[in-house]
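Comments concern the structure below.
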Amino acid sequence: MSKLTALEALNGVLENIGEEQVTVLTGLTGIQLIAWNKLNESINDVCSDQDGRWKFLESLGEITMTTGNNEYLVSALTSGSDINDEDRESFKQTDSGKNITYLTPQEFDQMYPKGISTDRTGYPDYFTKYADTFVVDKQATATQNGKTIDFRYWKTPTYYSTSTATGTSEIPEGFDKNVIVAIATMKVLSYLGNDEVLSYKTLVYGDGRDLEGSIDKLKRLYTSPTLKPRMTYRF
């Protein structure tokens, strides 16, 4: 067994609903197009669950410090620009041996009401995040230029694309069929008003008693561990 390609996933849904399978992903119409859209909806639904904190979406990011800067756009990062959620307990700067502590934007504003200027330079101790920008408490100098702040994050998922029939998703092997294809099938059957939707609902979510659903098994095996966040209080 191997991970389902985009074409195989679509044909899996079409087979489940009793429709003719396809050989290419171009020119999809009617129920084929609906099934295709429901596949990517299903990936989004699953990967958005638990704030997207799945082991198979974990990745390593880095912020490269530059002289005179203490603000770094997420979209400009060479690694980590596809962040869905960051592990705020994992930020560190190895050259200085420092773990960098997260502050809420409100805490950061209270600590630095005038912002960060050239009187605060060096390796950072604290960071916050304003919308799509990481902000640290010190501006980098020539000494810090080019050094990195490393962190762990959960990336946004890869969706199936009609331009890549052989493309796969991050969903683990087996679960791409028993979770993604099954949820997409359930969505299409619901759209069609077909009562078979109940059997797929049981497959995905279990029966609420003895039968474990495939989504619960996925969570049990692939949920990232959660660290208790540091708490900071200032009065």
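Just remember, in the structure tokens the first chain shown is A, the second B, etc., residues are 1-based per chain, and ligands are 1-based in the order shown.
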Q: Output as a ChimeraX atom specification all residues of segment 12-216 of chain A that backbone DSSP marks as strand (DSSP E or B).
A: /A:54,58-64,67,71-73,79,83-86,92-93,98-99,101-102,121,126-130,133-136,139-140,148-155,161,164
Given the selection you just returned, output its residues as a file containing N, CA and C atoms, formatted as a compact mmCIF listing (two decimals), in the first residue's frame.
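Full text of out-v6.txt as output:
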```txt
# COMPACT_ATOMS: atom_id res chain seq x y z
N TRP A 54 -0.94 18.49 14.08
CA TRP A 54 -0.74 17.09 13.76
C TRP A 54 0.75 16.82 13.58
N GLU A 58 4.08 18.83 11.34
CA GLU A 58 5.16 19.49 12.06
C GLU A 58 6.33 19.78 11.13
N SER A 59 6.94 20.93 11.34
CA SER A 59 8.10 21.31 10.54
C SER A 59 8.99 22.23 11.36
N LEU A 60 10.19 22.50 10.85
CA LEU A 60 11.13 23.39 11.52
C LEU A 60 11.24 24.70 10.77
N GLY A 61 11.14 25.79 11.50
CA GLY A 61 11.23 27.10 10.89
C GLY A 61 12.40 27.88 11.45
N GLU A 62 12.76 28.95 10.78
CA GLU A 62 13.82 29.81 11.28
C GLU A 62 13.60 31.24 10.84
N ILE A 63 13.98 32.13 11.73
CA ILE A 63 13.98 33.57 11.45
C ILE A 63 15.43 34.01 11.37
N THR A 64 15.83 34.53 10.24
CA THR A 64 17.21 35.00 10.09
C THR A 64 17.28 36.47 10.50
N THR A 67 20.65 43.05 10.65
CA THR A 67 21.08 44.25 11.36
C THR A 67 20.01 45.34 11.33
N GLU A 71 11.65 43.16 13.65
CA GLU A 71 10.37 42.69 13.15
C GLU A 71 10.59 41.87 11.87
N TYR A 72 9.92 40.73 11.79
CA TYR A 72 10.13 39.82 10.67
C TYR A 72 8.79 39.28 10.17
N LEU A 73 8.47 39.59 8.92
CA LEU A 73 7.23 39.12 8.31
C LEU A 73 7.27 37.61 8.11
N SER A 79 12.07 29.72 5.79
CA SER A 79 11.54 28.47 6.33
C SER A 79 10.52 28.81 7.39
N ILE A 83 3.23 28.80 7.82
CA ILE A 83 2.79 28.52 9.19
C ILE A 83 1.27 28.50 9.30
N ASN A 84 0.77 27.44 9.91
CA ASN A 84 -0.63 27.41 10.35
C ASN A 84 -0.70 27.77 11.83
N ASP A 85 0.27 27.27 12.60
CA ASP A 85 0.36 27.59 14.02
C ASP A 85 1.78 27.31 14.47
N GLU A 86 2.32 28.17 15.32
CA GLU A 86 3.69 27.96 15.79
C GLU A 86 3.68 27.43 17.22
N LYS A 92 14.15 29.44 20.08
CA LYS A 92 15.46 29.48 20.72
C LYS A 92 16.49 30.09 19.77
N GLN A 93 17.57 30.59 20.35
CA GLN A 93 18.68 31.11 19.57
C GLN A 93 19.92 30.39 20.07
N LYS A 98 20.10 30.88 24.21
CA LYS A 98 18.89 31.42 24.84
C LYS A 98 17.62 30.76 24.31
N ASN A 99 16.74 30.40 25.25
CA ASN A 99 15.36 30.14 24.88
C ASN A 99 14.65 31.48 24.87
N THR A 101 11.25 33.61 25.15
CA THR A 101 9.96 33.47 25.79
C THR A 101 8.89 34.27 25.06
N TYR A 102 7.75 33.63 24.87
CA TYR A 102 6.64 34.31 24.21
C TYR A 102 5.89 35.22 25.18
N THR A 121 19.56 46.33 21.84
CA THR A 121 20.18 45.55 20.78
C THR A 121 20.75 44.26 21.35
N TYR A 126 12.71 37.89 24.42
CA TYR A 126 11.27 37.76 24.32
C TYR A 126 10.82 37.98 22.88
N PHE A 127 9.65 37.41 22.58
CA PHE A 127 9.06 37.69 21.27
C PHE A 127 7.55 37.70 21.40
N THR A 128 6.91 38.32 20.43
CA THR A 128 5.46 38.27 20.31
C THR A 128 5.12 38.15 18.84
N LYS A 129 3.84 38.09 18.54
CA LYS A 129 3.41 38.02 17.15
C LYS A 129 2.23 38.94 16.95
N TYR A 130 2.41 39.90 16.06
CA TYR A 130 1.33 40.79 15.67
C TYR A 130 0.85 40.36 14.29
N THR A 133 3.40 39.06 11.72
CA THR A 133 4.76 39.54 11.96
C THR A 133 5.27 39.06 13.30
N PHE A 134 6.47 38.45 13.31
CA PHE A 134 7.16 38.13 14.56
C PHE A 134 7.94 39.36 15.00
N VAL A 135 7.85 39.68 16.28
CA VAL A 135 8.54 40.85 16.82
C VAL A 135 9.33 40.41 18.04
N VAL A 136 10.63 40.74 18.06
CA VAL A 136 11.47 40.42 19.21
C VAL A 136 11.83 41.69 19.97
N GLN A 139 16.87 44.79 18.74
CA GLN A 139 17.31 44.89 17.36
C GLN A 139 18.63 44.16 17.18
N ALA A 140 18.77 43.52 16.04
CA ALA A 140 20.01 42.81 15.74
C ALA A 140 21.11 43.80 15.36
N THR A 148 20.24 32.75 13.40
CA THR A 148 18.84 32.36 13.26
C THR A 148 18.16 32.13 14.61
N ILE A 149 16.88 32.41 14.63
CA ILE A 149 15.99 32.00 15.70
C ILE A 149 15.25 30.78 15.17
N ASP A 150 15.39 29.67 15.85
CA ASP A 150 14.79 28.42 15.38
C ASP A 150 13.53 28.10 16.17
N PHE A 151 12.57 27.50 15.50
CA PHE A 151 11.32 27.14 16.17
C PHE A 151 10.65 26.00 15.42
N ARG A 152 9.68 25.39 16.09
CA ARG A 152 8.89 24.32 15.50
C ARG A 152 7.50 24.88 15.21
N TYR A 153 6.93 24.43 14.10
CA TYR A 153 5.59 24.90 13.76
C TYR A 153 4.81 23.81 13.04
N TRP A 154 3.51 24.08 12.86
CA TRP A 154 2.64 23.20 12.10
C TRP A 154 2.25 23.94 10.82
N LYS A 155 2.54 23.34 9.69
CA LYS A 155 2.33 24.02 8.42
C LYS A 155 0.91 23.85 7.90
N SER A 161 -4.16 18.79 -6.29
CA SER A 161 -4.21 19.76 -7.39
C SER A 161 -4.54 19.04 -8.69
N THR A 164 -1.58 18.13 -10.89
CA THR A 164 -0.64 17.07 -10.49
C THR A 164 -1.43 15.84 -10.08
```
**Q.** 10 Å contact set for segment 19-22 of chain A, only C-alpha atoms, chain neighbours under 4 positions out, as a list in words
**A.** Leu7, Glu8, Leu10, Asn11, Gly12, Val13, Leu14, Glu15, Thr26, Leu28, Ile31 and Gln32 of chain A
Once you have the residues from the selection above, write them out as a PDB file, in the first residue's frame, restricted to C-alpha atoms.
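And here is the file that came out, again09.pdb:
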```
ATOM      1  CA  LEU A   7      -6.354  10.784  -9.093  1.00  0.00           C
ATOM      2  CA  GLU A   8      -6.705   7.691  -6.906  1.00  0.00           C
ATOM      3  CA  LEU A  10     -10.962  11.156  -6.581  1.00  0.00           C
ATOM      4  CA  ASN A  11     -11.652   7.750  -8.097  1.00  0.00           C
ATOM      5  CA  GLY A  12     -12.080   6.369  -4.594  1.00  0.00           C
ATOM      6  CA  VAL A  13     -14.884   8.844  -3.936  1.00  0.00           C
ATOM      7  CA  LEU A  14     -16.453   8.214  -7.360  1.00  0.00           C
ATOM      8  CA  GLU A  15     -16.362   4.453  -6.790  1.00  0.00           C
ATOM      9  CA  THR A  26      -8.700  18.043 -16.323  1.00  0.00           C
ATOM     10  CA  LEU A  28     -14.015  17.738 -14.408  1.00  0.00           C
ATOM     11  CA  ILE A  31     -20.611  15.165  -9.807  1.00  0.00           C
ATOM     12  CA  GLN A  32     -16.918  14.619 -10.602  1.00  0.00           C
TER      13      GLN A  32
END
```
Q: Among the residues of segment 100-194 of chain A, find those DSSP assigns to helix (DSSP H, G or I) from the backbone and print them as a ChimeraX atom specification.
A: /A:105-111,175-192
Keeping only C-alpha atoms, write the selected residues to a file as a PDB file, in the first residue's frame.
```pdb
ATOM      1  CA  PRO A 105       0.974  41.394  22.310  1.00  0.00           C
ATOM      2  CA  GLN A 106      -0.568  43.128  25.324  1.00  0.00           C
ATOM      3  CA  GLU A 107       2.309  42.074  27.611  1.00  0.00           C
ATOM      4  CA  PHE A 108       4.835  43.124  24.975  1.00  0.00           C
ATOM      5  CA  ASP A 109       3.205  46.546  24.621  1.00  0.00           C
ATOM      6  CA  GLN A 110       3.245  47.028  28.384  1.00  0.00           C
ATOM      7  CA  MET A 111       6.914  46.086  28.660  1.00  0.00           C
ATOM      8  CA  PHE A 175      -5.953   7.406   6.624  1.00  0.00           C
ATOM      9  CA  ASP A 176      -6.022   9.216   3.292  1.00  0.00           C
ATOM     10  CA  LYS A 177      -8.583   6.573   2.299  1.00  0.00           C
ATOM     11  CA  ASN A 178     -10.354   5.901   5.598  1.00  0.00           C
ATOM     12  CA  VAL A 179     -10.560   9.557   6.603  1.00  0.00           C
ATOM     13  CA  ILE A 180     -10.196  11.921   3.633  1.00  0.00           C
ATOM     14  CA  VAL A 181     -11.902   9.829   0.951  1.00  0.00           C
ATOM     15  CA  ALA A 182     -14.514   8.649   3.468  1.00  0.00           C
ATOM     16  CA  ILE A 183     -15.359  12.198   4.606  1.00  0.00           C
ATOM     17  CA  ALA A 184     -15.499  13.397   0.993  1.00  0.00           C
ATOM     18  CA  THR A 185     -17.809  10.488   0.169  1.00  0.00           C
ATOM     19  CA  MET A 186     -19.989  11.391   3.135  1.00  0.00           C
ATOM     20  CA  LYS A 187     -20.176  15.003   1.953  1.00  0.00           C
ATOM     21  CA  VAL A 188     -21.138  14.032  -1.603  1.00  0.00           C
ATOM     22  CA  LEU A 189     -23.747  11.500  -0.438  1.00  0.00           C
ATOM     23  CA  SER A 190     -25.210  14.137   1.851  1.00  0.00           C
ATOM     24  CA  TYR A 191     -25.362  16.529  -1.098  1.00  0.00           C
ATOM     25  CA  LEU A 192     -27.175  13.847  -3.095  1.00  0.00           C
TER      26      LEU A 192
END
```
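Separating atom CA of Asp216 of chain A from atom CA of Gly193 of chain A is a distance of 25.7 Å.
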Q. At what distance in Å, to one decimal, does atom CA of Ser48 of chain A lie from atom CA of Asp210 of chain A?
A. 26.2 Å
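Atom to atom, atom CA of Leu198 of chain A and atom CA of Leu211 of chain A stand 14.0 Å apart.
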